[in-house]
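To start, the structure itself, in structure tokens.
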Amino acid sequence: MRTPTTAQLRTAIEVLKKFEERIDNHATHSAMQVPDARLGEDYSARIESQTIEQIARVKTVMAQLESWRDELKQETRQRVTQHV
């Protein structure tokens with residue numbers, strides 16, 4: 001497997017940001033559809049909990065990709081500095 005470019009990593013990070021927005025929007029829409037009864041409150045709480053967990057996972061992956069991108073940028077800078 002080839003190492004991705006910093007541009008490819010940047011694109012992946014942007015896709016994950018959009019995915020995070022989509023998860024949040026879907027949860028908001030789902031919660032609005034729940035009836036105002038006790039069972040609905042329980043379901044809304046479950047939706048919220050699952051949404052928080054999913055977004056946390058996405059943010060973890062984004063952070064890992066950002067770290068990888070920063071490492072690649074640093075390596076590139078070091079190579080350029082060594083060639084000069």
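Starting from 1 in every chain, residues are counted up; chains themselves are A, B, ... following the order of the structure tokens, and ligands are numbered from 1 as listed.
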For segment 44-57 of chain A: contacts at 12 Å, only C-alpha atoms, fewer than 2 positions along chain excluded, given as a ChimeraX atom specification: /A:16-42,59-64
Ranking A:Val58, A:Met1, A:Thr6, A:Glu14 by minimum distance to Glu75 of chain A and counting only C-alpha atoms, which one comes first?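 So, comparing all the options, the nearest one is A:Thr6.
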Determine, counting only C-alpha atoms, which protein, DNA and RNA residues have an atom within 8 Å of an atom of Leu72 of chain A; residues of the same chain fewer than 4 positions away are not included. Present the result as a PyMOL selection string. chain A and resi 5-6+68+76
